[in-house]
$ cat upload_34.cif   # mmCIF, C-alpha atoms
data_run
#
loop_
_atom_site.label_atom_id
_atom_site.label_comp_id
_atom_site.auth_asym_id
_atom_site.auth_seq_id
_atom_site.Cartn_x
_atom_site.Cartn_y
_atom_site.Cartn_z
CA MET A 3 0.00 0.00 0.00
CA ASN A 4 1.46 3.37 -0.96
CA LEU A 5 1.68 6.40 1.27
CA GLN A 6 -1.01 8.24 -0.64
CA THR A 7 -3.51 5.48 0.13
CA THR A 8 -2.31 5.09 3.70
CA LEU A 9 -2.59 8.74 4.60
CA ALA A 10 -5.60 9.68 2.52
CA ASP A 11 -8.81 11.46 3.49
CA ASP A 12 -7.15 14.71 4.52
CA VAL A 13 -8.73 16.55 7.39
CA ARG A 14 -7.46 20.05 8.08
CA PRO A 15 -6.52 21.13 11.62
CA GLU A 16 -9.31 22.46 13.79
CA ASN A 17 -8.02 25.99 13.24
CA GLY A 18 -8.23 26.36 9.47
CA ASP A 19 -5.62 29.15 9.48
CA GLU A 20 -3.05 27.08 11.37
CA THR A 21 -0.26 25.70 9.20
CA PRO A 22 0.90 22.10 9.69
CA GLU A 23 4.16 23.42 11.13
CA ALA A 24 2.32 25.63 13.62
CA LEU A 25 0.05 22.74 14.60
CA VAL A 26 2.98 20.43 15.26
CA ALA A 27 4.84 23.14 17.16
CA ARG A 28 1.80 23.79 19.36
CA ILE A 29 1.05 20.19 20.28
CA ALA A 30 4.76 19.37 20.64
CA ALA A 31 5.18 22.23 23.11
CA ALA A 32 2.26 20.88 25.12
CA GLY A 33 3.76 17.40 24.99
CA ARG A 34 7.16 18.59 26.17
CA ALA A 35 5.56 20.41 29.08
CA ALA A 36 3.62 17.27 29.99
CA GLN A 37 6.81 15.20 29.79
CA ARG A 38 8.40 17.36 32.47
CA VAL A 39 5.46 16.46 34.72
CA LEU A 40 5.88 12.78 33.87
CA ALA A 41 9.53 12.97 34.87
CA GLN A 42 8.45 13.85 38.40
CA LEU A 43 6.04 10.92 38.80
CA SER A 44 7.08 7.92 40.85
CA ASP A 45 7.18 4.35 39.63
CA ALA A 46 3.97 3.63 41.57
CA GLN A 47 2.19 6.67 40.10
CA LYS A 48 3.00 5.72 36.50
CA ALA A 49 2.01 2.11 37.10
CA GLY A 50 -1.24 3.15 38.75
CA ALA A 51 -2.08 5.49 35.89
CA LEU A 52 -1.65 2.71 33.35
CA ARG A 53 -3.83 0.34 35.36
CA ALA A 54 -6.49 3.04 35.40
CA ALA A 55 -6.13 3.40 31.63
CA ALA A 56 -6.50 -0.38 31.18
CA ASN A 57 -9.69 -0.38 33.22
CA ALA A 58 -11.01 2.57 31.22
CA LEU A 59 -10.41 0.64 27.98
CA ARG A 60 -12.42 -2.28 29.32
CA ALA A 61 -15.25 -0.01 30.42
CA ALA A 62 -15.36 1.67 27.01
CA GLU A 63 -15.65 -1.58 25.05
CA PRO A 64 -19.03 -0.79 23.43
CA ALA A 65 -17.91 2.66 22.26
CA ILE A 66 -14.55 1.41 20.97
CA LEU A 67 -16.04 -1.54 19.08
CA ALA A 68 -18.71 0.68 17.55
CA ALA A 69 -16.03 3.13 16.37
CA ASN A 70 -14.00 0.25 14.98
CA ALA A 71 -17.01 -1.11 13.11
CA ARG A 72 -17.26 2.26 11.33
CA ASP A 73 -13.62 2.02 10.29
CA VAL A 74 -13.94 -1.58 9.12
CA ALA A 75 -17.03 -0.76 7.04
CA ALA A 76 -15.23 2.19 5.47
CA GLY A 77 -12.19 0.00 4.80
CA GLU A 78 -14.31 -2.63 3.07
CA ALA A 79 -15.90 0.05 0.94
CA LYS A 80 -12.44 1.35 -0.02
CA GLY A 81 -11.32 -2.14 -1.01
CA LEU A 82 -8.65 -2.70 1.64
CA THR A 83 -7.02 -6.12 1.41
CA GLY A 84 -7.98 -8.92 3.74
CA ALA A 85 -4.65 -8.54 5.54
CA MET A 86 -5.21 -4.80 6.10
CA LEU A 87 -8.75 -5.42 7.35
CA ASP A 88 -7.43 -8.08 9.72
CA ARG A 89 -4.96 -5.57 11.16
CA LEU A 90 -7.73 -3.01 11.53
CA LYS A 91 -10.50 -5.14 13.03
CA LEU A 92 -11.15 -5.32 16.76
CA ASP A 93 -13.41 -7.73 18.60
CA PRO A 94 -13.99 -8.24 22.32
CA ALA A 95 -11.07 -10.68 22.60
CA ARG A 96 -8.63 -8.39 20.79
CA LEU A 97 -9.73 -5.37 22.79
CA ALA A 98 -9.35 -7.35 26.01
CA GLY A 99 -5.84 -8.26 24.85
CA ILE A 100 -5.05 -4.58 24.28
CA ALA A 101 -6.21 -3.69 27.80
CA ASP A 102 -4.30 -6.63 29.26
CA ALA A 103 -1.14 -5.49 27.45
CA VAL A 104 -1.47 -2.01 28.96
CA GLU A 105 -1.85 -3.57 32.40
CA GLN A 106 1.15 -5.82 31.78
CA VAL A 107 3.28 -2.79 30.90
CA ALA A 108 2.23 -1.28 34.23
CA SER A 109 3.64 -4.32 36.03
CA LEU A 110 7.04 -4.16 34.31
CA PRO A 111 10.04 -2.67 36.13
CA ASP A 112 10.49 1.03 35.56
CA PRO A 113 13.66 1.53 33.51
CA VAL A 114 14.03 5.19 34.45
CA GLY A 115 16.76 5.69 37.02
CA GLU A 116 18.36 2.29 36.42
CA VAL A 117 22.11 2.48 36.99
CA ILE A 118 23.74 0.93 33.92
CA SER A 119 27.31 1.15 35.18
CA GLU A 120 29.38 2.69 37.97
CA SER A 121 33.09 3.37 38.28
CA GLU A 122 35.57 5.43 40.25
CA ARG A 123 38.54 7.17 38.68
CA PRO A 124 42.00 7.26 40.31
CA ASN A 125 41.40 10.92 41.17
CA GLY A 126 38.33 10.00 43.21
CA LEU A 127 35.65 11.07 40.72
CA LYS A 128 32.68 8.70 40.89
CA LEU A 129 30.92 8.11 37.56
CA SER A 130 27.64 6.42 36.79
CA ARG A 131 25.42 6.01 33.72
CA VAL A 132 21.70 6.22 34.49
CA ARG A 133 18.69 5.58 32.24
CA ILE A 134 16.46 8.57 31.46
CA PRO A 135 13.49 9.09 29.11
CA ILE A 136 14.17 10.16 25.53
CA GLY A 137 11.60 12.97 25.81
CA LEU A 138 8.84 13.49 23.23
CA ILE A 139 8.35 10.65 20.77
CA GLY A 140 6.38 10.88 17.53
CA ILE A 141 4.83 7.68 16.24
CA ILE A 142 3.49 7.48 12.68
CA TYR A 143 1.52 4.33 11.97
CA GLU A 144 -1.11 2.85 9.71
CA SER A 145 -4.16 0.69 10.28
CA ARG A 146 -3.46 -1.10 13.57
CA PRO A 147 -5.44 0.56 16.36
CA ASN A 148 -3.67 -1.53 19.02
CA VAL A 149 -0.60 0.63 18.35
CA THR A 150 -2.44 3.57 19.92
CA ALA A 151 -2.69 1.82 23.27
CA ASP A 152 0.64 -0.02 23.10
CA ALA A 153 2.60 3.11 22.21
CA ALA A 154 0.87 5.23 24.83
CA ALA A 155 1.51 2.66 27.55
CA LEU A 156 5.16 2.07 26.70
CA CYS A 157 5.97 5.75 26.33
CA LEU A 158 4.31 6.69 29.61
CA ARG A 159 5.89 3.81 31.55
CA SER A 160 9.32 4.95 30.36
CA GLY A 161 8.60 8.59 31.20
CA ASN A 162 8.12 9.84 27.63
CA ALA A 163 5.33 11.94 26.17
CA VAL A 164 4.03 10.87 22.76
CA LEU A 165 2.43 12.31 19.64
CA LEU A 166 0.43 9.66 17.79
CA ARG A 167 -0.28 10.07 14.09
CA GLY A 168 -2.42 7.12 13.01
CA GLY A 169 -3.66 6.29 9.53
CA SER A 170 -7.06 7.42 8.31
CA GLU A 171 -8.30 3.80 8.12
CA ALA A 172 -8.37 3.59 11.93
CA LEU A 173 -9.34 7.19 12.66
CA HIS A 174 -12.47 6.50 14.72
CA SER A 175 -10.92 3.51 16.51
CA ASN A 176 -7.85 5.52 17.50
CA ARG A 177 -9.94 8.40 18.80
CA ALA A 178 -12.11 6.09 20.89
CA ILE A 179 -9.12 4.22 22.34
CA LEU A 180 -7.30 7.42 23.20
CA ALA A 181 -10.41 9.00 24.75
CA ALA A 182 -10.80 6.01 27.06
CA MET A 183 -7.13 5.91 28.02
CA THR A 184 -6.96 9.65 28.62
CA SER A 185 -9.90 9.53 31.01
CA GLY A 186 -8.10 6.89 33.08
CA LEU A 187 -4.75 8.66 32.95
CA GLU A 188 -6.15 12.05 33.96
CA ASP A 189 -7.97 10.50 36.90
CA ALA A 190 -4.57 9.21 38.04
CA GLY A 191 -2.85 12.60 37.71
CA VAL A 192 -1.21 12.31 34.28
CA PRO A 193 -1.64 15.43 32.11
CA ALA A 194 -3.73 14.80 28.99
CA ALA A 195 -1.02 16.27 26.76
CA ALA A 196 1.30 13.41 27.69
CA VAL A 197 -0.51 11.32 25.06
CA GLN A 198 -1.87 13.22 22.07
CA LEU A 199 -3.45 12.05 18.84
CA VAL A 200 -2.48 14.47 16.10
CA PRO A 201 -5.80 16.20 15.20
CA SER A 202 -5.30 16.14 11.44
CA GLN A 203 -5.01 13.61 8.63
CA ASP A 204 -3.30 16.16 6.39
CA ARG A 205 -0.21 14.54 4.87
CA ALA A 206 1.65 17.80 5.35
CA VAL A 207 1.45 17.29 9.11
CA VAL A 208 3.56 14.16 8.72
CA GLY A 209 6.18 16.26 6.96
CA ALA A 210 6.04 18.83 9.75
CA MET A 211 6.61 16.10 12.34
CA LEU A 212 9.58 14.74 10.41
CA THR A 213 11.28 18.13 10.36
CA ALA A 214 10.44 19.17 13.94
CA ALA A 215 14.03 18.91 15.19
CA GLY A 216 14.30 20.31 18.69
CA LEU A 217 10.61 19.70 19.35
CA ILE A 218 10.26 15.96 18.74
CA ASP A 219 13.14 13.82 20.00
CA MET A 220 12.55 10.61 18.03
CA ILE A 221 10.23 9.37 15.28
CA VAL A 222 9.02 5.76 15.11
CA PRO A 223 7.32 4.76 11.83
CA ARG A 224 5.11 1.66 11.86
CA GLY A 225 3.63 0.71 8.56
CA GLY A 226 4.28 -0.25 4.97
CA LYS A 227 7.53 0.07 3.10
CA SER A 228 6.56 3.33 1.39
CA LEU A 229 5.74 5.01 4.70
CA VAL A 230 9.03 3.96 6.29
CA ALA A 231 10.97 4.97 3.17
CA ARG A 232 9.41 8.44 3.23
CA VAL A 233 10.18 8.86 6.93
CA GLN A 234 13.80 7.83 6.47
CA ALA A 235 14.22 10.07 3.43
CA ASP A 236 12.62 13.22 4.87
CA ALA A 237 13.27 13.08 8.61
CA ARG A 238 15.41 15.66 10.36
CA VAL A 239 14.57 13.97 13.64
CA PRO A 240 16.27 10.70 14.71
CA VAL A 241 14.31 7.68 13.41
CA LEU A 242 13.87 4.24 14.97
CA ALA A 243 13.01 2.30 11.83
CA HIS A 244 10.91 -0.80 11.41
CA LEU A 245 11.28 -1.99 7.82
CA ASP A 246 9.21 -4.67 6.12
CA GLY A 247 9.23 -8.20 7.49
CA ILE A 248 10.58 -10.48 4.78
CA CYS A 249 10.97 -13.40 7.19
CA HIS A 250 12.47 -16.76 6.23
CA THR A 251 12.18 -20.26 7.66
CA TYR A 252 14.89 -22.70 6.60
CA VAL A 253 14.17 -26.42 7.04
CA HIS A 254 17.52 -28.15 7.51
CA ALA A 255 18.20 -31.71 6.36
CA SER A 256 18.12 -32.88 10.00
CA ALA A 257 14.71 -31.34 10.81
CA ASP A 258 11.97 -33.46 12.32
CA PRO A 259 9.32 -33.70 9.56
CA GLU A 260 6.33 -33.24 11.86
CA MET A 261 7.95 -30.24 13.56
CA ALA A 262 8.87 -28.69 10.23
CA ARG A 263 5.34 -29.10 8.90
CA GLY A 264 3.74 -27.59 12.00
CA ILE A 265 6.12 -24.64 12.20
CA ALA A 266 5.79 -23.85 8.50
CA VAL A 267 1.99 -23.79 8.56
CA ASN A 268 1.89 -21.73 11.75
CA ALA A 269 4.60 -19.30 10.66
CA LYS A 270 2.73 -18.50 7.44
CA LEU A 271 -0.95 -18.91 8.17
CA ARG A 272 -1.65 -18.21 11.86
CA ARG A 273 -1.97 -14.51 10.98
CA THR A 274 -0.74 -13.59 7.55
CA GLY A 275 -0.95 -9.83 8.06
CA ILE A 276 1.64 -9.40 10.82
CA CYS A 277 5.27 -8.49 10.26
CA GLY A 278 6.52 -11.78 11.76
CA SER A 279 4.68 -13.89 9.22
CA MET A 280 6.98 -16.12 7.15
CA GLU A 281 7.25 -14.89 3.56
CA THR A 282 9.84 -17.37 2.21
CA LEU A 283 10.28 -21.06 2.99
CA LEU A 284 13.69 -22.59 2.24
CA LEU A 285 13.77 -26.40 2.02
CA ASP A 286 17.06 -28.27 2.17
CA THR A 287 17.55 -30.54 -0.82
CA GLN A 288 18.45 -33.36 1.61
CA PHE A 289 15.34 -32.89 3.79
CA PRO A 290 13.24 -36.02 3.13
CA ALA A 291 9.77 -34.58 3.74
CA SER A 292 9.75 -31.40 1.65
CA ALA A 293 6.75 -32.55 -0.40
CA GLU A 294 4.74 -33.16 2.78
CA VAL A 295 5.48 -29.65 4.09
CA VAL A 296 4.51 -28.08 0.76
CA LYS A 297 1.35 -30.19 0.61
CA ALA A 298 0.29 -29.10 4.09
CA LEU A 299 0.62 -25.44 3.15
CA ALA A 300 -1.23 -25.85 -0.15
CA ASP A 301 -3.98 -27.92 1.49
CA ALA A 302 -4.43 -25.12 4.04
CA GLY A 303 -5.15 -22.64 1.25
CA CYS A 304 -1.77 -20.97 0.84
CA GLU A 305 -0.75 -19.86 -2.64
CA LEU A 306 2.80 -21.09 -3.28
CA ARG A 307 5.32 -19.58 -5.68
CA GLY A 308 8.56 -21.45 -6.11
CA ASP A 309 11.70 -22.18 -8.05
CA ALA A 310 11.88 -25.16 -10.42
CA ARG A 311 12.77 -27.65 -7.69
CA ALA A 312 9.94 -26.41 -5.48
CA GLN A 313 7.49 -26.68 -8.36
CA ALA A 314 8.50 -30.32 -8.79
CA LEU A 315 7.31 -31.06 -5.24
CA ASP A 316 3.64 -30.23 -5.90
CA SER A 317 1.72 -29.30 -9.03
CA ARG A 318 0.05 -26.43 -7.16
CA VAL A 319 3.34 -24.50 -6.80
CA LEU A 320 3.36 -21.62 -9.29
CA PRO A 321 6.57 -20.26 -10.80
CA ALA A 322 8.17 -17.51 -8.71
CA SER A 323 9.37 -14.26 -10.26
CA ASP A 324 12.53 -12.45 -9.21
CA GLU A 325 10.37 -9.97 -7.28
CA ASP A 326 8.76 -12.69 -5.16
CA TRP A 327 11.94 -13.28 -3.14
CA ASP A 328 11.87 -9.64 -2.02
CA THR A 329 8.13 -9.30 -1.36
CA GLU A 330 6.35 -8.97 1.97
CA TYR A 331 3.00 -10.48 0.98
CA LEU A 332 1.12 -10.03 4.27
CA ASP A 333 -1.34 -12.51 2.78
CA ALA A 334 -1.75 -16.25 2.27
CA VAL A 335 1.01 -16.26 -0.35
CA LEU A 336 4.45 -17.82 0.15
CA SER A 337 7.70 -18.08 -1.80
CA VAL A 338 9.37 -21.51 -1.67
CA ALA A 339 12.92 -22.44 -2.72
CA VAL A 340 14.94 -25.64 -2.46
CA VAL A 341 18.53 -24.93 -1.39
CA ASP A 342 21.73 -26.96 -1.32
CA GLY A 343 22.54 -26.94 2.36
CA LEU A 344 23.05 -24.49 5.21
CA ASP A 345 25.49 -22.20 3.42
CA ALA A 346 23.13 -21.77 0.46
CA ALA A 347 20.23 -21.04 2.81
CA MET A 348 22.19 -18.38 4.68
CA GLU A 349 23.36 -16.86 1.40
CA HIS A 350 19.74 -16.59 0.21
CA ILE A 351 18.76 -14.97 3.51
CA ALA A 352 21.69 -12.53 3.36
CA ILE A 353 20.55 -11.37 -0.09
CA HIS A 354 16.78 -11.23 0.42
CA SER A 355 16.05 -10.86 4.14
CA SER A 356 14.89 -7.54 5.58
CA HIS A 357 16.80 -8.49 8.77
CA HIS A 358 13.57 -8.74 10.78
CA THR A 359 13.15 -12.41 11.78
CA ASP A 360 14.68 -15.54 10.29
CA ALA A 361 14.36 -19.10 11.60
CA ILE A 362 15.86 -22.57 11.18
CA VAL A 363 14.20 -25.90 11.88
CA ALA A 364 16.96 -28.39 12.69
CA ALA A 365 17.78 -31.31 14.95
CA ASP A 366 21.51 -30.82 14.32
CA PRO A 367 22.77 -28.50 17.11
CA ALA A 368 25.88 -27.50 15.16
CA ALA A 369 23.77 -26.31 12.23
CA ALA A 370 21.43 -24.45 14.57
CA GLU A 371 24.29 -22.67 16.35
CA ARG A 372 25.89 -21.65 13.06
CA PHE A 373 22.56 -20.21 11.91
CA LEU A 374 22.19 -18.25 15.17
CA ALA A 375 25.73 -16.89 14.93
CA GLU A 376 25.87 -16.04 11.23
CA VAL A 377 22.41 -14.80 10.23
CA ASP A 378 22.39 -11.03 10.69
CA SER A 379 18.80 -10.31 11.64
CA ALA A 380 17.21 -8.56 14.61
CA ILE A 381 15.62 -11.87 15.68
CA VAL A 382 17.06 -15.29 14.84
CA MET A 383 15.15 -18.42 15.91
CA VAL A 384 15.70 -22.15 16.18
CA ASN A 385 12.78 -24.62 16.04
CA ALA A 386 10.09 -21.99 16.57
CA SER A 387 7.53 -20.15 14.48
CA SER A 388 8.48 -16.66 13.34
CA GLN A 389 5.03 -15.57 14.56
CA PHE A 390 6.63 -15.32 18.03
CA ALA A 391 8.42 -12.15 16.84
CA ASP A 392 6.45 -9.93 19.17
CA GLY A 393 7.27 -7.87 22.24
CA GLY A 394 4.46 -9.41 24.24
CA GLU A 395 5.69 -12.92 23.46
CA PHE A 396 9.18 -11.85 24.56
CA GLY A 397 7.82 -10.80 27.95
CA LEU A 398 8.15 -7.08 27.20
CA GLY A 399 4.45 -6.33 27.74
CA ALA A 400 4.01 -4.67 24.36
CA GLU A 401 6.20 -3.12 21.71
CA ILE A 402 6.60 0.10 19.80
CA GLY A 403 7.83 -1.93 16.86
CA ILE A 404 10.61 -4.26 15.79
CA ALA A 405 13.70 -2.26 14.86
CA THR A 406 15.71 -3.76 12.04
CA GLY A 407 18.61 -1.31 12.12
CA ARG A 408 21.77 -1.63 14.18
CA LEU A 409 21.86 1.56 16.25
CA HIS A 410 20.27 2.30 19.62
CA ALA A 411 17.80 -0.60 19.71
CA ARG A 412 17.19 -3.78 17.72
CA GLY A 413 14.37 -6.31 17.69
CA PRO A 414 11.21 -5.69 19.73
CA VAL A 415 11.48 -2.16 21.13
CA ALA A 416 9.84 -1.76 24.51
CA LEU A 417 10.72 0.14 27.68
CA GLU A 418 14.50 -0.06 27.54
CA GLY A 419 14.54 0.96 23.86
CA LEU A 420 12.60 4.11 24.75
CA THR A 421 15.29 5.37 27.10
CA THR A 422 18.69 6.91 26.70
CA TYR A 423 21.18 7.63 29.47
CA LYS A 424 23.18 10.40 31.03
CA TRP A 425 26.46 10.43 32.93
CA LEU A 426 26.43 11.46 36.58
CA VAL A 427 29.76 12.62 37.96
CA ARG A 428 30.28 13.12 41.71
CA GLY A 429 33.39 14.81 42.94
CA THR A 430 34.92 16.19 46.13
CA GLY A 431 36.54 19.32 44.73
CA GLN A 432 38.76 17.80 42.03
CA GLU A 433 40.41 20.19 39.56
CA ARG A 434 41.85 18.97 36.27
CA PRO A 435 45.60 19.55 35.99
#

$ encode --input "upload_34.cif" --output "structure tokens"
Amino acid sequence: MNLQTTLADDVRPENGDETPEALVARIAAAGRAAQRVLAQLSDAQKAGALRAAANALRAAEPAILAANARDVAAGEAKGLTGAMLDRLKLDPARLAGIADAVEQVASLPDPVGEVISESERPNGLKLSRVRIPIGLIGIIYESRPNVTADAAALCLRSGNAVLLRGGSEALHSNRAILAAMTSGLEDAGVPAAAVQLVPSQDRAVVGAMLTAAGLIDMIVPRGGKSLVARVQADARVPVLAHLDGICHTYVHASADPEMARGIAVNAKLRRTGICGSMETLLLDTQFPASAEVVKALADAGCELRGDARAQALDSRVLPASDEDWDTEYLDAVLSVAVVDGLDAAMEHIAIHSSHHTDAIVAADPAAAERFLAEVDSAIVMVNASSQFADGGEFGLGAEIGIATGRLHARGPVALEGLTTYKWLVRGTGQERP
């Protein structure tokens, strides 16, 4: 989906004379002021505020689901794909999961104030590095309304204020979720400006956020490749990037056939629209049950596109194009290749992976350890479905996103990834010679 589709249906700011830059400056100033209040709150106060927000989400279930139904109906009318609609849709179970995730974040240890290291110099100076909030974080995302709650919870728990700029597809859902959370947070003493939903769908506001250096401290894009590419190209604010999830599963010659079949079906088809969904299956030429794995996927309704050797395994495998190996389908479509051993599998991954999540299914521990050591992705797995690539599944409560770069944070970004640090130096009158 391109950026024009993602950020369509422009709505001008409430003040028609206010430019996008002025709007961003105004709400960013309010957010920065609120962040200074957050910095004074205790661990118990922040945790209590999030529990109140979780309870408010549960109490607002009818209103939130009604708002979401409006968004889903509009999305169907616009012709959104099944994967996009799946990301957008809420039901009582999903909403309960969102509230539970907020409550789980409340129970996590507060990273702010954690002493990372301490040392004493020969001259008696005592040095320490201590975690602090980043400040004001801007999050630009598409059609997943759970991001509204997850991002708000994680930013608040780590002492950050946040500006949320969601996609137009989830406009009513995002407003309803934020309204519920804000009521709970304010009751617990958190200023409303600590979590703000940008009050405009004007694409120019995104540009104003990206260039708001000195006002916004970090931008986190969550969405399709075109959105992330625009953010990276235009930003004058530091970016924590989450690129597309071209995730691989390699079935080694030593893999248990039943395990390989189960992992492959789950990794692709449990939820096809999430970034941890497998997009390419690599089958070792010496693995004896490749045809059975392919059959299980095809029988489950997955469209398969493969190389010549993969096509020979099942008549339902269509020929793959060069583009297929670099495509994040986010649908019940899968690329399949047969490879000549571990080195060939890792070479394919090195060329085509987006460095999000890559997995091996293997009974040979030496092969598994080589895969873990040599595959350069944010998450590397052995004998597990790539669908576990999720902050909640990692025990982090929720996630802002999965960072695929190498600086600051990598993999699921939760509380620790939303902090930086400062040096504290304690002396007794030392003067430098």

$ closest_residue --input "upload_34.cif" --among "A:Val341, A:Val267, A:Cys249, A:Ala190" --to "Asp328 (chain A)" --atoms "only C-alpha atoms"
A:Cys249

$ closest_residue --input "upload_34.cif" --among "A:Ile248, A:Ala298, A:Val319, A:Ala95" --to "Asp360 (chain A)" --atoms "all atoms listed in the file"
A:Ile248

$ closest_residue --input "upload_34.cif" --among "A:Ala369, A:Met183, A:Ala172, A:Ile136" --to "Met220 (chain A)" --atoms "all atoms listed in the file"
A:Ile136

$ atom_distance --input "upload_34.cif" --atom1 "CA of Lys91 (chain A)" --atom2 "CA of Arg146 (chain A)"
8.1 Å

$ closest_residue --input "upload_34.cif" --among "A:Leu332, A:Ala300, A:Ala347, A:Val427" --to "Thr274 (chain A)" --atoms "all atoms listed in the file"
A:Leu332

$ resolve_selection --input "upload_34.cif" --expression "the PyMOL selection byres ((chain A and resi 129) around 12)" --output "ChimeraX atom specification"
/A:117-128,130-132,424-429

$ write_last_selection --input "upload_34.cif" --atoms "C-alpha atoms" --output "PDB file, in the frame of the given file"
ATOM      1  CA  VAL A 117      22.110   2.480  36.990  1.00  0.00           C
ATOM      2  CA  ILE A 118      23.740   0.930  33.920  1.00  0.00           C
ATOM      3  CA  SER A 119      27.310   1.150  35.180  1.00  0.00           C
ATOM      4  CA  GLU A 120      29.380   2.690  37.970  1.00  0.00           C
ATOM      5  CA  SER A 121      33.090   3.370  38.280  1.00  0.00           C
ATOM      6  CA  GLU A 122      35.570   5.430  40.250  1.00  0.00           C
ATOM      7  CA  ARG A 123      38.540   7.170  38.680  1.00  0.00           C
ATOM      8  CA  PRO A 124      42.000   7.260  40.310  1.00  0.00           C
ATOM      9  CA  ASN A 125      41.400  10.920  41.170  1.00  0.00           C
ATOM     10  CA  GLY A 126      38.330  10.000  43.210  1.00  0.00           C
ATOM     11  CA  LEU A 127      35.650  11.070  40.720  1.00  0.00           C
ATOM     12  CA  LYS A 128      32.680   8.700  40.890  1.00  0.00           C
ATOM     13  CA  SER A 130      27.640   6.420  36.790  1.00  0.00           C
ATOM     14  CA  ARG A 131      25.420   6.010  33.720  1.00  0.00           C
ATOM     15  CA  VAL A 132      21.700   6.220  34.490  1.00  0.00           C
ATOM     16  CA  LYS A 424      23.180  10.400  31.030  1.00  0.00           C
ATOM     17  CA  TRP A 425      26.460  10.430  32.930  1.00  0.00           C
ATOM     18  CA  LEU A 426      26.430  11.460  36.580  1.00  0.00           C
ATOM     19  CA  VAL A 427      29.760  12.620  37.960  1.00  0.00           C
ATOM     20  CA  ARG A 428      30.280  13.120  41.710  1.00  0.00           C
ATOM     21  CA  GLY A 429      33.390  14.810  42.940  1.00  0.00           C
TER      22      GLY A 429
END

$ closest_residue --input "upload_34.cif" --among "A:Ala182, A:Cys277, A:Ala36, A:Val233" --to "Leu138 (chain A)" --atoms "all atoms listed in the file"
A:Ala36

$ resolve_selection --input "upload_34.cif" --expression "the PyMOL selection byres ((chain A and resi 416) around 12)" --output "number ranges by chain"
A: 103, 107, 110-113, 152-160, 242, 392-405, 411-415, 417-421

$ residues_around --input "upload_34.cif" --residues "region 304-317 of chain A" --least-positions-apart "6" --cutoff "6 Å" --atoms "only C-alpha atoms" --output "list in words"
Ala293, Ala334, Val335, Leu336, Ser337, Val338, Ala339 and Val340 of chain A

$ write_last_selection --input "upload_34.cif" --atoms "C-alpha atoms" --output "PDB file, keeping the file's coordinate frame"
ATOM      1  CA  ALA A 293       6.750 -32.550  -0.400  1.00  0.00           C
ATOM      2  CA  ALA A 334      -1.750 -16.250   2.270  1.00  0.00           C
ATOM      3  CA  VAL A 335       1.010 -16.260  -0.350  1.00  0.00           C
ATOM      4  CA  LEU A 336       4.450 -17.820   0.150  1.00  0.00           C
ATOM      5  CA  SER A 337       7.700 -18.080  -1.800  1.00  0.00           C
ATOM      6  CA  VAL A 338       9.370 -21.510  -1.670  1.00  0.00           C
ATOM      7  CA  ALA A 339      12.920 -22.440  -2.720  1.00  0.00           C
ATOM      8  CA  VAL A 340      14.940 -25.640  -2.460  1.00  0.00           C
TER       9      VAL A 340
END

$ resolve_selection --input "upload_34.cif" --expression "the PyMOL selection byres ((chain A and resi 133) around 6)" --output "ChimeraX atom specification"
/A:114-116,132,134,422-423

$ atom_distance --input "upload_34.cif" --atom1 "CA of Ile139 (chain A)" --atom2 "CA of Val222 (chain A)"
7.5 Å

$ decode --input "upload_34.cif" --residues "region 358-364 of chain A" --atoms "N, CA, C and O atoms" --output "compact mmCIF listing (two decimals), in the first residue's frame"
# COMPACT_ATOMS: atom_id res chain seq x y z
N HIS A 358 14.61 -8.78 9.74
CA HIS A 358 13.57 -8.74 10.78
C HIS A 358 13.65 -10.02 11.62
O HIS A 358 14.17 -10.02 12.74
N THR A 359 13.16 -11.13 11.07
CA THR A 359 13.15 -12.41 11.78
C THR A 359 13.41 -13.53 10.80
O THR A 359 12.74 -13.62 9.77
N ASP A 360 14.39 -14.37 11.12
CA ASP A 360 14.68 -15.54 10.29
C ASP A 360 14.88 -16.75 11.21
O ASP A 360 15.44 -16.62 12.30
N ALA A 361 14.41 -17.92 10.74
CA ALA A 361 14.36 -19.10 11.60
C ALA A 361 14.92 -20.32 10.88
O ALA A 361 14.86 -20.42 9.65
N ILE A 362 15.42 -21.27 11.68
CA ILE A 362 15.86 -22.57 11.18
C ILE A 362 15.12 -23.65 11.94
O ILE A 362 14.88 -23.52 13.15
N VAL A 363 14.74 -24.70 11.24
CA VAL A 363 14.20 -25.90 11.88
C VAL A 363 15.26 -26.97 11.69
O VAL A 363 15.59 -27.35 10.56
N ALA A 364 15.83 -27.45 12.78
CA ALA A 364 16.96 -28.39 12.69
C ALA A 364 17.10 -29.19 13.96
O ALA A 364 16.92 -28.66 15.07
